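Below is upload18.cif, holding mmCIF, N, CA and C atoms.
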data_final
#
loop_
_atom_site.group_PDB
_atom_site.id
_atom_site.type_symbol
_atom_site.label_atom_id
_atom_site.label_comp_id
_atom_site.auth_asym_id
_atom_site.auth_seq_id
_atom_site.Cartn_x
_atom_site.Cartn_y
_atom_site.Cartn_z
ATOM 1 N N MET A 76 132.500 113.949 63.648
ATOM 2 C CA MET A 76 131.227 113.400 64.076
ATOM 3 C C MET A 76 130.111 114.280 63.520
ATOM 4 N N ASN A 77 129.069 113.679 63.016
ATOM 5 C CA ASN A 77 127.935 114.413 62.457
ATOM 6 C C ASN A 77 127.085 114.964 63.591
ATOM 7 N N ARG A 78 126.977 116.273 63.661
ATOM 8 C CA ARG A 78 126.231 116.894 64.752
ATOM 9 C C ARG A 78 124.838 117.329 64.310
ATOM 10 N N MET A 79 124.432 116.986 63.127
ATOM 11 C CA MET A 79 123.102 117.248 62.588
ATOM 12 C C MET A 79 122.619 118.667 62.873
ATOM 13 N N GLY A 80 123.392 119.661 62.474
ATOM 14 C CA GLY A 80 122.966 121.043 62.595
ATOM 15 C C GLY A 80 123.145 121.666 63.964
ATOM 16 N N ARG A 81 123.674 120.935 64.910
ATOM 17 C CA ARG A 81 123.890 121.496 66.243
ATOM 18 C C ARG A 81 125.095 122.416 66.228
ATOM 19 N N SER A 82 124.994 123.545 66.908
ATOM 20 C CA SER A 82 126.145 124.436 67.006
ATOM 21 C C SER A 82 126.978 124.106 68.241
ATOM 22 N N VAL A 83 126.359 123.506 69.243
ATOM 23 C CA VAL A 83 127.061 123.123 70.465
ATOM 24 C C VAL A 83 126.879 121.617 70.657
ATOM 25 N N PRO A 84 127.985 120.879 70.695
ATOM 26 C CA PRO A 84 127.848 119.431 70.855
ATOM 27 C C PRO A 84 127.336 119.072 72.253
ATOM 28 N N THR A 85 126.550 118.019 72.326
ATOM 29 C CA THR A 85 126.070 117.546 73.620
ATOM 30 C C THR A 85 127.202 116.835 74.349
ATOM 31 N N TYR A 86 127.006 116.606 75.643
ATOM 32 C CA TYR A 86 128.018 115.880 76.407
ATOM 33 C C TYR A 86 128.218 114.486 75.820
ATOM 34 N N ARG A 87 127.128 113.824 75.448
ATOM 35 C CA ARG A 87 127.256 112.477 74.870
ATOM 36 C C ARG A 87 128.137 112.501 73.623
ATOM 37 N N MET A 88 127.957 113.505 72.786
ATOM 38 C CA MET A 88 128.790 113.623 71.585
ATOM 39 C C MET A 88 130.251 113.818 71.957
ATOM 40 N N LYS A 89 130.507 114.714 72.933
ATOM 41 C CA LYS A 89 131.881 114.963 73.361
ATOM 42 C C LYS A 89 132.490 113.721 73.994
ATOM 43 N N LEU A 90 131.686 112.972 74.742
ATOM 44 C CA LEU A 90 132.186 111.746 75.370
ATOM 45 C C LEU A 90 132.573 110.724 74.311
ATOM 46 N N GLU A 91 131.732 110.542 73.296
ATOM 47 C CA GLU A 91 132.058 109.589 72.229
ATOM 48 C C GLU A 91 133.298 110.030 71.463
ATOM 49 N N GLU A 92 133.477 111.332 71.275
ATOM 50 C CA GLU A 92 134.688 111.838 70.638
ATOM 51 C C GLU A 92 135.909 111.530 71.497
ATOM 52 N N LEU A 93 135.779 111.718 72.806
ATOM 53 C CA LEU A 93 136.875 111.418 73.735
ATOM 54 C C LEU A 93 137.237 109.935 73.662
ATOM 55 N N ILE A 94 136.230 109.080 73.680
ATOM 56 C CA ILE A 94 136.477 107.637 73.620
ATOM 57 C C ILE A 94 137.168 107.281 72.305
ATOM 58 N N ALA A 95 136.750 107.904 71.216
ATOM 59 C CA ALA A 95 137.402 107.664 69.924
ATOM 60 C C ALA A 95 138.863 108.124 69.956
ATOM 61 N N GLU A 96 139.135 109.251 70.611
ATOM 62 C CA GLU A 96 140.512 109.744 70.734
ATOM 63 C C GLU A 96 141.380 108.787 71.538
ATOM 64 N N LEU A 97 140.775 108.052 72.459
ATOM 65 C CA LEU A 97 141.514 107.109 73.300
ATOM 66 C C LEU A 97 141.696 105.740 72.641
ATOM 67 N N ALA A 98 141.207 105.571 71.414
ATOM 68 C CA ALA A 98 141.293 104.280 70.721
ATOM 69 C C ALA A 98 142.731 103.765 70.590
ATOM 70 N N PRO A 99 143.715 104.611 70.248
ATOM 71 C CA PRO A 99 145.087 104.091 70.176
ATOM 72 C C PRO A 99 145.575 103.555 71.529
ATOM 73 N N TYR A 100 145.220 104.233 72.602
ATOM 74 C CA TYR A 100 145.574 103.763 73.945
ATOM 75 C C TYR A 100 144.931 102.397 74.198
ATOM 76 N N ARG A 101 143.637 102.273 73.867
ATOM 77 C CA ARG A 101 142.920 101.013 74.067
ATOM 78 C C ARG A 101 143.578 99.882 73.283
ATOM 79 N N ARG A 102 143.928 100.150 72.026
ATOM 80 C CA ARG A 102 144.556 99.117 71.192
ATOM 81 C C ARG A 102 145.887 98.652 71.773
ATOM 82 N N ALA A 103 146.603 99.538 72.457
ATOM 83 C CA ALA A 103 147.907 99.192 73.025
ATOM 84 C C ALA A 103 147.787 98.359 74.306
ATOM 85 N N LEU A 104 146.590 98.286 74.879
ATOM 86 C CA LEU A 104 146.388 97.521 76.110
ATOM 87 C C LEU A 104 146.345 96.023 75.836
ATOM 88 N N ARG A 105 146.662 95.235 76.872
ATOM 89 C CA ARG A 105 146.474 93.790 76.788
ATOM 90 C C ARG A 105 144.985 93.496 76.699
ATOM 91 N N GLU A 106 144.647 92.327 76.184
ATOM 92 C CA GLU A 106 143.242 91.979 75.984
ATOM 93 C C GLU A 106 142.432 92.085 77.273
ATOM 94 N N GLU A 107 142.966 91.564 78.387
ATOM 95 C CA GLU A 107 142.213 91.623 79.648
ATOM 96 C C GLU A 107 142.075 93.064 80.156
ATOM 97 N N ASP A 108 143.046 93.901 79.834
ATOM 98 C CA ASP A 108 142.958 95.314 80.212
ATOM 99 C C ASP A 108 141.974 96.069 79.335
ATOM 100 N N ARG A 109 141.832 95.640 78.080
ATOM 101 C CA ARG A 109 140.849 96.266 77.190
ATOM 102 C C ARG A 109 139.437 96.089 77.732
ATOM 103 N N ALA A 110 139.163 94.913 78.294
ATOM 104 C CA ALA A 110 137.835 94.670 78.873
ATOM 105 C C ALA A 110 137.581 95.627 80.032
ATOM 106 N N ALA A 111 138.588 95.847 80.868
ATOM 107 C CA ALA A 111 138.445 96.777 81.993
ATOM 108 C C ALA A 111 138.283 98.210 81.475
ATOM 109 N N PHE A 112 139.042 98.565 80.454
ATOM 110 C CA PHE A 112 138.926 99.893 79.843
ATOM 111 C C PHE A 112 137.516 100.104 79.300
ATOM 112 N N ASP A 113 136.998 99.104 78.583
ATOM 113 C CA ASP A 113 135.644 99.203 78.030
ATOM 114 C C ASP A 113 134.606 99.348 79.131
ATOM 115 N N ALA A 114 134.801 98.636 80.247
ATOM 116 C CA ALA A 114 133.869 98.748 81.371
ATOM 117 C C ALA A 114 133.877 100.171 81.933
ATOM 118 N N LEU A 115 135.062 100.785 82.017
ATOM 119 C CA LEU A 115 135.140 102.170 82.496
ATOM 120 C C LEU A 115 134.426 103.125 81.543
ATOM 121 N N MET A 116 134.616 102.929 80.247
ATOM 122 C CA MET A 116 133.950 103.798 79.275
ATOM 123 C C MET A 116 132.431 103.621 79.364
ATOM 124 N N ASN A 117 131.992 102.399 79.589
ATOM 125 C CA ASN A 117 130.553 102.161 79.744
ATOM 126 C C ASN A 117 130.006 102.810 81.003
ATOM 127 N N ARG A 118 130.818 102.878 82.061
ATOM 128 C CA ARG A 118 130.401 103.594 83.267
ATOM 129 C C ARG A 118 130.193 105.076 82.951
ATOM 130 N N ALA A 119 131.114 105.645 82.184
ATOM 131 C CA ALA A 119 130.987 107.060 81.797
ATOM 132 C C ALA A 119 129.724 107.264 80.973
ATOM 133 N N ARG A 120 129.437 106.337 80.075
ATOM 134 C CA ARG A 120 128.217 106.443 79.261
ATOM 135 C C ARG A 120 126.963 106.336 80.122
ATOM 136 N N ARG A 121 127.007 105.480 81.139
ATOM 137 C CA ARG A 121 125.835 105.243 81.988
ATOM 138 C C ARG A 121 125.375 106.525 82.692
ATOM 139 N N TYR A 122 126.312 107.399 83.031
ATOM 140 C CA TYR A 122 125.978 108.626 83.751
ATOM 141 C C TYR A 122 125.982 109.852 82.842
ATOM 142 N N ALA A 123 125.895 109.640 81.543
ATOM 143 C CA ALA A 123 125.961 110.751 80.591
ATOM 144 C C ALA A 123 124.816 111.738 80.776
ATOM 145 N N SER A 124 123.647 111.268 81.150
ATOM 146 C CA SER A 124 122.519 112.199 81.340
ATOM 147 C C SER A 124 122.817 113.182 82.461
ATOM 148 N N ALA A 125 123.325 112.688 83.587
ATOM 149 C CA ALA A 125 123.670 113.571 84.699
ATOM 150 C C ALA A 125 124.872 114.443 84.331
ATOM 151 N N ALA A 126 125.836 113.855 83.643
ATOM 152 C CA ALA A 126 127.052 114.593 83.283
ATOM 153 C C ALA A 126 126.741 115.753 82.342
ATOM 154 N N GLY A 127 125.687 115.638 81.571
ATOM 155 C CA GLY A 127 125.303 116.705 80.661
ATOM 156 C C GLY A 127 124.943 117.994 81.376
ATOM 157 N N TYR A 128 124.585 117.884 82.651
ATOM 158 C CA TYR A 128 124.246 119.083 83.431
ATOM 159 C C TYR A 128 125.483 119.830 83.920
ATOM 160 N N GLN A 129 126.633 119.168 83.901
ATOM 161 C CA GLN A 129 127.884 119.794 84.333
ATOM 162 C C GLN A 129 128.514 120.498 83.151
ATOM 163 N N SER A 130 128.591 121.801 83.220
ATOM 164 C CA SER A 130 129.217 122.516 82.106
ATOM 165 C C SER A 130 130.728 122.503 82.305
ATOM 166 N N SER A 131 131.394 121.778 81.438
ATOM 167 C CA SER A 131 132.839 121.672 81.510
ATOM 168 C C SER A 131 133.380 121.643 80.089
ATOM 169 N N ALA A 132 134.454 122.360 79.859
ATOM 170 C CA ALA A 132 135.066 122.357 78.533
ATOM 171 C C ALA A 132 135.744 121.027 78.250
ATOM 172 N N ASP A 133 136.110 120.315 79.306
ATOM 173 C CA ASP A 133 136.829 119.049 79.153
ATOM 174 C C ASP A 133 135.930 117.891 79.570
ATOM 175 N N PRO A 134 135.459 117.086 78.629
ATOM 176 C CA PRO A 134 134.576 115.975 78.981
ATOM 177 C C PRO A 134 135.273 114.908 79.822
ATOM 178 N N MET A 135 136.609 114.903 79.829
ATOM 179 C CA MET A 135 137.346 113.909 80.620
ATOM 180 C C MET A 135 137.043 114.070 82.111
ATOM 181 N N GLU A 136 136.905 115.304 82.576
ATOM 182 C CA GLU A 136 136.623 115.539 84.004
ATOM 183 C C GLU A 136 135.325 114.848 84.418
ATOM 184 N N THR A 137 134.269 115.077 83.657
ATOM 185 C CA THR A 137 132.978 114.510 84.008
ATOM 186 C C THR A 137 132.963 113.010 83.768
ATOM 187 N N ALA A 138 133.666 112.541 82.727
ATOM 188 C CA ALA A 138 133.754 111.104 82.473
ATOM 189 C C ALA A 138 134.429 110.407 83.655
ATOM 190 N N MET A 139 135.508 110.999 84.162
ATOM 191 C CA MET A 139 136.208 110.413 85.314
ATOM 192 C C MET A 139 135.306 110.379 86.539
ATOM 193 N N LEU A 140 134.574 111.453 86.780
ATOM 194 C CA LEU A 140 133.651 111.483 87.906
ATOM 195 C C LEU A 140 132.598 110.383 87.762
ATOM 196 N N SER A 141 132.084 110.186 86.558
ATOM 197 C CA SER A 141 131.094 109.141 86.313
ATOM 198 C C SER A 141 131.677 107.759 86.562
ATOM 199 N N MET A 142 132.913 107.545 86.127
ATOM 200 C CA MET A 142 133.573 106.257 86.351
ATOM 201 C C MET A 142 133.763 106.013 87.839
ATOM 202 N N LEU A 143 134.211 107.045 88.555
ATOM 203 C CA LEU A 143 134.412 106.911 90.000
ATOM 204 C C LEU A 143 133.097 106.619 90.719
ATOM 205 N N LEU A 144 132.026 107.273 90.295
ATOM 206 C CA LEU A 144 130.722 107.023 90.901
ATOM 207 C C LEU A 144 130.310 105.567 90.717
ATOM 208 N N GLY A 145 130.480 105.046 89.515
ATOM 209 C CA GLY A 145 130.152 103.641 89.262
ATOM 210 C C GLY A 145 130.993 102.701 90.102
ATOM 211 N N LEU A 146 132.287 102.987 90.228
ATOM 212 C CA LEU A 146 133.166 102.152 91.045
ATOM 213 C C LEU A 146 132.788 102.221 92.522
ATOM 214 N N GLU A 147 132.428 103.411 92.987
ATOM 215 C CA GLU A 147 132.005 103.566 94.384
ATOM 216 C C GLU A 147 130.754 102.732 94.659
ATOM 217 N N LYS A 148 129.791 102.790 93.747
ATOM 218 C CA LYS A 148 128.570 101.999 93.920
ATOM 219 C C LYS A 148 128.893 100.506 93.972
ATOM 220 N N GLU A 149 129.800 100.056 93.106
ATOM 221 C CA GLU A 149 130.170 98.648 93.098
ATOM 222 C C GLU A 149 130.870 98.255 94.394
ATOM 223 N N MET A 150 131.759 99.120 94.897
ATOM 224 C CA MET A 150 132.442 98.821 96.162
ATOM 225 C C MET A 150 131.446 98.712 97.309
ATOM 226 N N GLU A 151 130.469 99.597 97.352
ATOM 227 C CA GLU A 151 129.450 99.538 98.409
ATOM 228 C C GLU A 151 128.667 98.235 98.329
ATOM 229 N N THR A 152 128.317 97.816 97.115
ATOM 230 C CA THR A 152 127.602 96.552 96.937
ATOM 231 C C THR A 152 128.457 95.384 97.419
ATOM 232 N N LEU A 153 129.724 95.386 97.050
ATOM 233 C CA LEU A 153 130.619 94.302 97.467
ATOM 234 C C LEU A 153 130.842 94.306 98.971
ATOM 235 N N LYS A 154 130.941 95.502 99.579
ATOM 236 C CA LYS A 154 131.093 95.584 101.037
ATOM 237 C C LYS A 154 129.899 94.977 101.748
ATOM 238 N N ARG A 155 128.700 95.341 101.286
ATOM 239 C CA ARG A 155 127.489 94.793 101.903
ATOM 240 C C ARG A 155 127.458 93.277 101.778
ATOM 241 N N ARG A 156 127.848 92.762 100.629
ATOM 242 C CA ARG A 156 127.863 91.304 100.438
ATOM 243 C C ARG A 156 128.912 90.649 101.323
ATOM 244 N N ALA A 157 130.080 91.291 101.484
ATOM 245 C CA ALA A 157 131.159 90.727 102.286
ATOM 246 C C ALA A 157 130.817 90.702 103.766
ATOM 247 N N GLU A 158 129.959 91.616 104.193
ATOM 248 C CA GLU A 158 129.573 91.654 105.598
ATOM 249 C C GLU A 158 128.716 90.453 105.970
ATOM 250 N N GLY A 159 128.178 89.761 104.988
ATOM 251 C CA GLY A 159 127.422 88.534 105.226
ATOM 252 C C GLY A 159 126.050 88.792 105.800
ATOM 253 N N PRO A 160 125.521 87.772 106.499
ATOM 254 C CA PRO A 160 124.168 87.888 107.061
ATOM 255 C C PRO A 160 124.078 89.047 108.051
ATOM 256 N N VAL A 161 122.967 89.746 107.999
ATOM 257 C CA VAL A 161 122.725 90.877 108.884
ATOM 258 C C VAL A 161 121.519 90.540 109.745
ATOM 259 N N ALA A 162 121.629 90.773 111.048
ATOM 260 C CA ALA A 162 120.517 90.473 111.954
ATOM 261 C C ALA A 162 119.331 91.372 111.647
ATOM 262 N N CYS A 163 118.141 90.798 111.674
ATOM 263 C CA CYS A 163 116.924 91.578 111.487
ATOM 264 C C CYS A 163 116.709 92.446 112.709
ATOM 265 N N GLU A 164 116.009 93.563 112.549
ATOM 266 C CA GLU A 164 115.764 94.464 113.673
ATOM 267 C C GLU A 164 114.984 93.777 114.774
ATOM 268 N N SER A 165 114.082 92.863 114.416
ATOM 269 C CA SER A 165 113.275 92.194 115.430
ATOM 270 C C SER A 165 114.097 91.165 116.199
ATOM 271 N N GLY A 166 115.291 90.816 115.649
ATOM 272 C CA GLY A 166 116.141 89.851 116.327
ATOM 273 C C GLY A 166 115.668 88.426 116.133
ATOM 274 N N SER A 167 114.695 88.200 115.269
ATOM 275 C CA SER A 167 114.139 86.866 115.103
ATOM 276 C C SER A 167 114.754 86.091 113.958
ATOM 277 N N GLY A 168 115.827 86.586 113.369
ATOM 278 C CA GLY A 168 116.432 85.848 112.265
ATOM 279 C C GLY A 168 117.476 86.685 111.564
ATOM 280 N N THR A 169 117.927 86.172 110.438
ATOM 281 C CA THR A 169 118.914 86.895 109.659
ATOM 282 C C THR A 169 118.406 87.079 108.245
ATOM 283 N N THR A 170 118.991 88.031 107.590
ATOM 284 C CA THR A 170 118.662 88.283 106.198
ATOM 285 C C THR A 170 119.924 88.050 105.394
ATOM 286 N N GLU A 171 119.890 87.110 104.453
ATOM 287 C CA GLU A 171 121.046 86.828 103.612
ATOM 288 C C GLU A 171 121.094 87.821 102.472
ATOM 289 N N GLY A 172 122.318 88.084 101.958
ATOM 290 C CA GLY A 172 122.449 88.928 100.768
ATOM 291 C C GLY A 172 121.805 88.224 99.589
ATOM 292 N N LYS A 173 121.269 88.970 98.669
ATOM 293 C CA LYS A 173 120.604 88.384 97.517
ATOM 294 C C LYS A 173 121.626 87.802 96.557
ATOM 295 N N VAL A 174 121.357 86.611 96.054
ATOM 296 C CA VAL A 174 122.195 86.015 95.030
ATOM 297 C C VAL A 174 121.816 86.662 93.715
ATOM 298 N N GLY A 175 122.811 86.961 92.901
ATOM 299 C CA GLY A 175 122.544 87.582 91.618
ATOM 300 C C GLY A 175 122.370 89.087 91.715
ATOM 301 N N THR A 176 122.979 89.712 92.734
ATOM 302 C CA THR A 176 122.889 91.146 92.912
ATOM 303 C C THR A 176 123.629 91.858 91.797
ATOM 304 N N GLU A 177 122.996 92.844 91.192
ATOM 305 C CA GLU A 177 123.648 93.594 90.122
ATOM 306 C C GLU A 177 124.582 94.621 90.745
ATOM 307 N N VAL A 178 125.792 94.715 90.211
ATOM 308 C CA VAL A 178 126.758 95.706 90.682
ATOM 309 C C VAL A 178 126.792 96.866 89.702
ATOM 310 N N GLY A 179 127.570 97.897 90.016
ATOM 311 C CA GLY A 179 127.584 99.139 89.269
ATOM 312 C C GLY A 179 127.764 99.043 87.774
ATOM 313 N N ASP A 180 128.547 98.094 87.269
ATOM 314 C CA ASP A 180 128.801 98.056 85.828
ATOM 315 C C ASP A 180 127.824 97.176 85.070
ATOM 316 N N GLY A 181 126.751 96.729 85.744
ATOM 317 C CA GLY A 181 125.762 95.902 85.073
ATOM 318 C C GLY A 181 126.045 94.424 85.186
ATOM 319 N N ALA A 182 127.227 94.068 85.719
ATOM 320 C CA ALA A 182 127.548 92.655 85.908
ATOM 321 C C ALA A 182 126.752 92.126 87.097
ATOM 322 N N THR A 183 126.542 90.836 87.115
ATOM 323 C CA THR A 183 125.787 90.224 88.195
ATOM 324 C C THR A 183 126.702 89.383 89.038
ATOM 325 N N LEU A 184 126.683 89.614 90.343
ATOM 326 C CA LEU A 184 127.449 88.795 91.268
ATOM 327 C C LEU A 184 126.683 87.526 91.574
ATOM 328 N N LYS A 185 127.379 86.425 91.660
ATOM 329 C CA LYS A 185 126.705 85.146 91.959
ATOM 330 C C LYS A 185 127.285 84.545 93.208
#

Serialized structure, structure tokens:
Amino acid sequence: MNRMGRSVPTYRMKLEELIAELAPYRRALREEDRAAFDALMNRARRYASAAGYQSSADPMETAMLSMLLGLEKEMETLKRRAEGPVACESGSGTTEGKVGTEVGDGATLK
């Protein structure tokens, strides 16, 4: 990877190198599993700015943490939606979950 004169690679560079190293694994997956794999890699990319603050020799550790964070956010969104209508504090009605709520991986629930 071209590091343009950098002596220390950034986390983003290390993450892209890791993803490239995992390419044979990705190719061996079934097509539907490849989509899930790509979604996980995109979760790791989404939190790359925060992950850059974690000094770790192994980018896999921080990538996994980023993936878990994205999955946790999505689970919380799905839990809130599954709970259905929530009573308003005033007791004068209910509030429905929003249609088209974005979940952790950028997908939209309908």

Identify, on the basis of only C-alpha atoms, every residue whose closest approach to A:Met116 does not exceed 8 Å; exclude the query and any residue fewer than 4 positions from it along the same chain; express the result as a VMD selection string. chain A and resid 94 112 120 138 142

When DSSP works through the backbone of this structure, what residues of stretch 106-173 of chain A end up as strand (DSSP E), shown as a PyMOL selection string? chain A and resi 161-162+169-170

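We find atom CA of A:Met88 and atom CA of A:Arg105 to be spaced 27.1 Å apart.
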
Give me the result of the PyMOL selection byres ((chain A and resi 141) around 8) on this file, residue by residue, as a PyMOL selection string. chain A and resi 115+117-123+126+135-140+142-147

Atom CA of A:Pro99 and atom CA of A:Ser131 are how many Å apart? 24.2 Å

Quick one: pull the distance between atom CA of A:Tyr100 and atom CA of A:Ala132, Å, one decimal.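 So the answer is 21.8 Å.
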
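For the structure shown here, the set of residues caught by the PyMOL selection byres (((chain A and resi 92 and name CA) around 12) and name CA) is A:Met76, A:Asn77, A:Arg78, A:Pro84, A:Thr85, A:Tyr86, A:Arg87, A:Met88, A:Lys89, A:Leu90, A:Glu91, A:Leu93, A:Ile94, A:Ala95, A:Glu96, A:Leu97, A:Ala98, A:Met116, A:Asp133, A:Pro134, A:Met135, A:Ala138.
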